[in-house]
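**Student:** Here you go, one structure.
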Amino acid sequence: MAGAVGPASESQHAVSEIVVKESEGGPAMVRPPVASPDAAVELREVSKAFGKIHAVKGVSLQIGQNEFFSLLGPSGCGKTTILRMIGGFEQPTKGLVYLNGRVVNHVPPYRRDTNLIFQHLALFSHLDVFDNIAFGLRMKGLDGRAVRQKVLAALELVDLAGFESRRITQLSGGQKQRVAIARALVNEPSVLLLDEPLGALDLRLRMQMQEELKEIRHRVGTTFIYVTHDQTEALTMSDRIAVMRDGLVVQVGTGREVYGAPRTRFVATFLGDSNLLEARVTAAGSGAVIVEGADGQIQATPHTDVRPGGDFFVSVRPEHVQVWHPDEVDPGIENRLEVRVREVTFKGAFTEYRLVTRSGQALIAHLPAGPRRALVPGDAAVAAWRRDDCVVLTG
Ligand SMILES: Nc1ncnc2c1ncn2[C@@H]1O[C@H](COP(=O)(O)OP(=O)(O)O)[C@@H](O)[C@H]1O
Ligand SMILES: [Mg+2]
């Protein structure tokens, strides 16, 4: 504190921050609240400021034993900072971090039951595969036989048996990745922290490694906390996802939940494409609401409390929008809007229709190839979607 750098006004600021820190989570704290008993990791109102930058703003999370949990969000939203606080490389400015029910705010990384795999792997290129994986065990003072046994078992786990004496420079990107994972798993951590570990790989290898990580995950009884800005990666691998924005967790749920029932415009558009329509709620029941927009009434599903009178956005995914000839519409579909076709693009697995409503709102529909009558730009058509696929957003 005495050594604080910068002008006097700034060191004043630093002093008050440290006082806050001690009263919240430091030794001055008498008795921390009891953590949820079965959580592997719990964050309670955790914040982290770097000077004036508020990287994490009051995040609370519970991550279960053996869960594969992802932190998903755009660059700079605070994902790495959260991971580093769980690993002990940063201390929260406020709030409590629990590992297996115990507050660990002041426990250094090497005394936590966690292991962090960095974005850039940080393998020792002058050592071979065996020595890279053995490094931590030798630091702990294990004898040679125990080291050998554990290293070989870890290599088996990541499907690299026989690679012990390879040099790091002789490995492919995916193999280096697996060495980094073996080096972390050899310590048998109860929580494995991974910071965009596949970020440097090309798409094909990344998808392959996603599958391998899933398999490794099923072979070891470990909690995985995975940081990524790639929504497909998070959906592919996770039991649950925390979607982050600007230092906050904005929604937590399974992939199906956060994709299928986004709460806000940000979540709806960050996880995949979404059509957003502005509308006023005119009637609200328990399972459905009616909203009135520029093109008339739409029936939607509320996932939270919405009251008549409020202005909201509703979201419908392009794959849930059907496009019909005006004389062919399925009458069982709740929502139908007259549209004009602007553009039709073949995209391989589906065809994309860009549509415009009578009021001028743009809509996108993704339709699987099928034996339907073709529509071409300029055609009048009907865009239709089910109430259940149409979500009222609250932010
Ligand atoms: N050591 C640090 N000093 C100052 N600012 C930092 C530091 N680490 C992270 N930040 C800032 O905190 C915010 C969150 O960073 P980070 O957790 O790395 O985001 P993400 O991993 O989601 O990209 C960013 O604005 C970043 O610039
Ligand atoms: Mg990061």
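Following the order of the structure tokens, first chain is A, next is B, and so on, with residues numbered from 1 inside each chain and ligands from 1 in the order they appear.
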Enumerate as a ChimeraX atom specification the residues within 10 Å of ligand 1, counting only C-alpha atoms and all ligand atoms.

**Tutor:** /A:48-56,71-85,90,195-196,227-229,244-247

**Student:** Using only N, CA and C atoms, please write the residues we just selected to a file, as an mmCIF file, in the first residue's frame.

**Tutor:**
```cif
data_model
loop_
_atom_site.group_PDB
_atom_site.id
_atom_site.type_symbol
_atom_site.label_atom_id
_atom_site.label_comp_id
_atom_site.auth_asym_id
_atom_site.auth_seq_id
_atom_site.Cartn_x
_atom_site.Cartn_y
_atom_site.Cartn_z
ATOM 1 N N LYS A 48 -14.232 -7.785 -9.613
ATOM 2 C CA LYS A 48 -12.800 -7.540 -9.751
ATOM 3 C C LYS A 48 -12.579 -6.248 -10.510
ATOM 4 N N ALA A 49 -11.868 -5.337 -9.877
ATOM 5 C CA ALA A 49 -11.514 -4.090 -10.557
ATOM 6 C C ALA A 49 -10.004 -4.048 -10.737
ATOM 7 N N PHE A 50 -9.581 -3.620 -11.909
ATOM 8 C CA PHE A 50 -8.170 -3.304 -12.147
ATOM 9 C C PHE A 50 -8.114 -1.783 -12.237
ATOM 10 N N GLY A 51 -7.770 -1.117 -11.140
ATOM 11 C CA GLY A 51 -7.836 0.342 -11.149
ATOM 12 C C GLY A 51 -9.262 0.765 -11.444
ATOM 13 N N LYS A 52 -9.412 1.515 -12.529
ATOM 14 C CA LYS A 52 -10.767 2.015 -12.856
ATOM 15 C C LYS A 52 -11.555 1.035 -13.721
ATOM 16 N N ILE A 53 -10.904 -0.027 -14.175
ATOM 17 C CA ILE A 53 -11.614 -0.984 -15.040
ATOM 18 C C ILE A 53 -12.326 -2.021 -14.184
ATOM 19 N N HIS A 54 -13.638 -2.075 -14.326
ATOM 20 C CA HIS A 54 -14.410 -3.067 -13.586
ATOM 21 C C HIS A 54 -14.591 -4.288 -14.471
ATOM 22 N N ALA A 55 -13.697 -5.243 -14.334
ATOM 23 C CA ALA A 55 -13.674 -6.397 -15.239
ATOM 24 C C ALA A 55 -14.801 -7.371 -14.921
ATOM 25 N N VAL A 56 -15.120 -7.526 -13.631
ATOM 26 C CA VAL A 56 -16.177 -8.454 -13.200
ATOM 27 C C VAL A 56 -17.029 -7.717 -12.158
ATOM 28 N N LEU A 71 -18.010 -20.497 -19.687
ATOM 29 C CA LEU A 71 -18.222 -19.054 -19.631
ATOM 30 C C LEU A 71 -18.111 -18.563 -21.060
ATOM 31 N N LEU A 72 -19.206 -18.024 -21.584
ATOM 32 C CA LEU A 72 -19.270 -17.624 -22.983
ATOM 33 C C LEU A 72 -19.566 -16.135 -23.080
ATOM 34 N N GLY A 73 -18.776 -15.444 -23.887
ATOM 35 C CA GLY A 73 -19.058 -14.024 -24.076
ATOM 36 C C GLY A 73 -18.011 -13.411 -24.975
ATOM 37 N N PRO A 74 -18.263 -12.198 -25.453
ATOM 38 C CA PRO A 74 -17.306 -11.558 -26.362
ATOM 39 C C PRO A 74 -16.004 -11.204 -25.650
ATOM 40 N N SER A 75 -14.991 -10.939 -26.420
ATOM 41 C CA SER A 75 -13.690 -10.585 -25.887
ATOM 42 C C SER A 75 -13.813 -9.390 -24.939
ATOM 43 N N GLY A 76 -13.138 -9.480 -23.786
ATOM 44 C CA GLY A 76 -13.132 -8.358 -22.846
ATOM 45 C C GLY A 76 -14.271 -8.357 -21.846
ATOM 46 N N CYS A 77 -15.123 -9.395 -21.850
ATOM 47 C CA CYS A 77 -16.292 -9.362 -20.959
ATOM 48 C C CYS A 77 -15.975 -9.882 -19.549
ATOM 49 N N GLY A 78 -14.741 -10.384 -19.336
ATOM 50 C CA GLY A 78 -14.355 -10.787 -17.982
ATOM 51 C C GLY A 78 -14.211 -12.278 -17.764
ATOM 52 N N LYS A 79 -14.228 -13.064 -18.829
ATOM 53 C CA LYS A 79 -14.167 -14.533 -18.704
ATOM 54 C C LYS A 79 -12.851 -14.981 -18.068
ATOM 55 N N THR A 80 -11.735 -14.516 -18.635
ATOM 56 C CA THR A 80 -10.430 -14.932 -18.126
ATOM 57 C C THR A 80 -10.254 -14.491 -16.679
ATOM 58 N N THR A 81 -10.729 -13.302 -16.355
ATOM 59 C CA THR A 81 -10.587 -12.796 -14.988
ATOM 60 C C THR A 81 -11.313 -13.711 -14.005
ATOM 61 N N ILE A 82 -12.501 -14.181 -14.372
ATOM 62 C CA ILE A 82 -13.225 -15.112 -13.494
ATOM 63 C C ILE A 82 -12.435 -16.408 -13.333
ATOM 64 N N LEU A 83 -11.926 -16.924 -14.437
ATOM 65 C CA LEU A 83 -11.171 -18.176 -14.381
ATOM 66 C C LEU A 83 -9.928 -18.014 -13.493
ATOM 67 N N ARG A 84 -9.258 -16.884 -13.641
ATOM 68 C CA ARG A 84 -8.036 -16.643 -12.859
ATOM 69 C C ARG A 84 -8.356 -16.464 -11.376
ATOM 70 N N MET A 85 -9.528 -15.945 -11.064
ATOM 71 C CA MET A 85 -9.910 -15.835 -9.647
ATOM 72 C C MET A 85 -10.217 -17.212 -9.066
ATOM 73 N N GLU A 90 -5.729 -14.332 -9.482
ATOM 74 C CA GLU A 90 -6.203 -12.978 -9.155
ATOM 75 C C GLU A 90 -7.057 -13.113 -7.903
ATOM 76 N N ASP A 195 -8.796 -21.974 -20.567
ATOM 77 C CA ASP A 195 -9.006 -20.639 -21.110
ATOM 78 C C ASP A 195 -8.831 -20.644 -22.624
ATOM 79 N N GLU A 196 -9.906 -20.747 -23.349
ATOM 80 C CA GLU A 196 -9.912 -20.796 -24.815
ATOM 81 C C GLU A 196 -8.795 -21.697 -25.341
ATOM 82 N N VAL A 227 -13.594 -21.584 -20.884
ATOM 83 C CA VAL A 227 -13.834 -20.220 -21.362
ATOM 84 C C VAL A 227 -13.772 -20.184 -22.880
ATOM 85 N N THR A 228 -14.762 -19.592 -23.500
ATOM 86 C CA THR A 228 -14.742 -19.464 -24.958
ATOM 87 C C THR A 228 -15.583 -18.269 -25.393
ATOM 88 N N HIS A 229 -15.235 -17.723 -26.565
ATOM 89 C CA HIS A 229 -16.111 -16.689 -27.139
ATOM 90 C C HIS A 229 -16.894 -17.279 -28.307
ATOM 91 N N MET A 244 -21.949 -14.192 -20.730
ATOM 92 C CA MET A 244 -21.444 -12.980 -20.074
ATOM 93 C C MET A 244 -21.439 -11.791 -21.010
ATOM 94 N N ARG A 245 -21.612 -10.631 -20.408
ATOM 95 C CA ARG A 245 -21.475 -9.394 -21.150
ATOM 96 C C ARG A 245 -21.007 -8.315 -20.193
ATOM 97 N N ASP A 246 -19.912 -7.674 -20.555
ATOM 98 C CA ASP A 246 -19.482 -6.486 -19.836
ATOM 99 C C ASP A 246 -19.366 -6.702 -18.315
ATOM 100 N N GLY A 247 -18.691 -7.796 -17.935
ATOM 101 C CA GLY A 247 -18.442 -8.051 -16.520
ATOM 102 C C GLY A 247 -19.592 -8.684 -15.764
#
```

**Student:** So that I can check the surroundings of Gly253 in chain A, please list as a list in words every protein, DNA and RNA residue that reaches within 7 Å of it, counting only C-alpha atoms and ignoring chain neighbours fewer than 2 positions away.

**Tutor:** Arg240, Ile241, Ala242, Gln251, Gly255, Glu257 and Val258 of chain A

**Student:** Those same residues - N, CA and C atoms - I'd like them written as a compact mmCIF listing (two decimals), in the first residue's frame.

**Tutor:**
```
# COMPACT_ATOMS: atom_id res chain seq x y z
N ARG A 240 -23.78 -26.79 -18.91
CA ARG A 240 -24.44 -25.48 -18.76
C ARG A 240 -23.50 -24.39 -19.22
N ILE A 241 -24.10 -23.27 -19.57
CA ILE A 241 -23.35 -22.13 -20.10
C ILE A 241 -23.76 -20.88 -19.32
N ALA A 242 -22.75 -20.09 -18.95
CA ALA A 242 -23.05 -18.75 -18.42
C ALA A 242 -22.71 -17.77 -19.53
N GLN A 251 -27.12 -14.62 -18.36
CA GLN A 251 -28.04 -15.77 -18.34
C GLN A 251 -27.23 -17.04 -18.13
N GLY A 255 -27.47 -25.50 -22.87
CA GLY A 255 -27.42 -24.95 -24.22
C GLY A 255 -28.82 -24.75 -24.78
N GLU A 257 -31.53 -24.24 -23.18
CA GLU A 257 -32.22 -23.13 -22.51
C GLU A 257 -31.75 -21.77 -23.02
N VAL A 258 -30.43 -21.58 -23.07
CA VAL A 258 -29.97 -20.24 -23.45
C VAL A 258 -30.18 -19.99 -24.94
```

**Student:** I want to know what sits within 7 Å of Phe68 in chain A, based on only C-alpha atoms, with residues of the same chain fewer than 5 positions away left out; could you give that as number ranges by chain?

**Tutor:** A: 223-225, 238-240

**Student:** So that I have them on file, write out the residues from the current selection with N, CA and C atoms, as an mmCIF file, in the first residue's frame.

**Tutor:**
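Contents of again_11.cif, as written:
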```cif
data_model
loop_
_atom_site.group_PDB
_atom_site.id
_atom_site.type_symbol
_atom_site.label_atom_id
_atom_site.label_comp_id
_atom_site.auth_asym_id
_atom_site.auth_seq_id
_atom_site.Cartn_x
_atom_site.Cartn_y
_atom_site.Cartn_z
ATOM 1 N N THR A 223 -14.396 -31.588 -12.626
ATOM 2 C CA THR A 223 -15.226 -30.462 -13.061
ATOM 3 C C THR A 223 -14.440 -29.662 -14.094
ATOM 4 N N PHE A 224 -15.064 -29.388 -15.222
ATOM 5 C CA PHE A 224 -14.409 -28.586 -16.264
ATOM 6 C C PHE A 224 -15.054 -27.199 -16.289
ATOM 7 N N ILE A 225 -14.216 -26.165 -16.221
ATOM 8 C CA ILE A 225 -14.736 -24.807 -16.445
ATOM 9 C C ILE A 225 -14.007 -24.260 -17.656
ATOM 10 N N SER A 238 -20.887 -28.172 -23.487
ATOM 11 C CA SER A 238 -21.206 -27.835 -22.097
ATOM 12 C C SER A 238 -22.466 -28.503 -21.562
ATOM 13 N N ASP A 239 -22.438 -28.789 -20.266
ATOM 14 C CA ASP A 239 -23.684 -29.117 -19.572
ATOM 15 C C ASP A 239 -24.487 -27.840 -19.364
ATOM 16 N N ARG A 240 -23.782 -26.788 -18.912
ATOM 17 C CA ARG A 240 -24.436 -25.484 -18.757
ATOM 18 C C ARG A 240 -23.495 -24.386 -19.222
#
```

**Student:** Pick out the residues sitting within 10 Å of Gly332 in chain A, and hand them over as JSON, numbers by chain; count only C-alpha atoms, and ignore anything fewer than 2 positions along from it in its own chain.

**Tutor:** {"A": [329, 330, 334, 335, 384, 385, 386]}

**Student:** Which neighbours of range 136-142 of chain A fall inside 8 Å, counting only C-alpha atoms, when residues of the same chain fewer than 6 positions from it are skipped, and could you give them as a list in words?

**Tutor:**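 Near neighbours after the sequence-gap exclusion: Arg183, Val186 and Asn187 of chain A.
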
**Student:** Within 6 Å of range 111-119 of chain A, which residues of range 187-305 of chain A come that close, and what is the closest atom pair and distance in Å for each? Count only C-alpha atoms and give it as a tab-separated table.

**Tutor:**
```
residue	atom	partner	partner_atom	distance
A:Pro189	CA	A:Thr114	CA	5.1
A:Ser190	CA	A:Asp113	CA	5.6
A:Val191	CA	A:Thr114	CA	4.7
A:Leu192	CA	A:Asn115	CA	5.1
A:Leu193	CA	A:Leu116	CA	4.5
A:Leu194	CA	A:Ile117	CA	4.8
A:Asp195	CA	A:Gln119	CA	5.2
A:Glu196	CA	A:Gln119	CA	5.3
A:Pro197	CA	A:Gln119	CA	4.8
```

**Student:** Contacts of Pro368 in chain A at 9 Å or less, counting only C-alpha atoms, minus same-chain residues fewer than 4 places along, as a PDB file with C-alpha atoms, in the first residue's frame?

**Tutor:**
```pdb
ATOM      1  CA  GLU A 319     -34.900 -22.077 -38.534  1.00  0.00           C
ATOM      2  CA  ALA A 349     -27.655 -27.578 -45.433  1.00  0.00           C
ATOM      3  CA  PHE A 350     -30.480 -25.033 -45.751  1.00  0.00           C
ATOM      4  CA  THR A 351     -31.790 -22.241 -47.962  1.00  0.00           C
ATOM      5  CA  GLU A 352     -31.882 -18.745 -46.576  1.00  0.00           C
TER       6      GLU A 352
END
```

**Student:** For CA of Gln149 in chain A and CA of Gly87 in chain A, determine how far apart the two atoms are, in Å to one decimal place.

**Tutor:** 26.3 Å

**Student:** Closest to Leu235 in chain A among A:Ala146, A:Leu271, A:Leu61, A:Ala365, using only C-alpha atoms?

**Tutor:** A:Leu271

**Student:** Which value, in Å to one decimal, gives the distance between CA of Val59 in chain A and CA of Phe313 in chain A?

**Tutor:** 25.8 Å
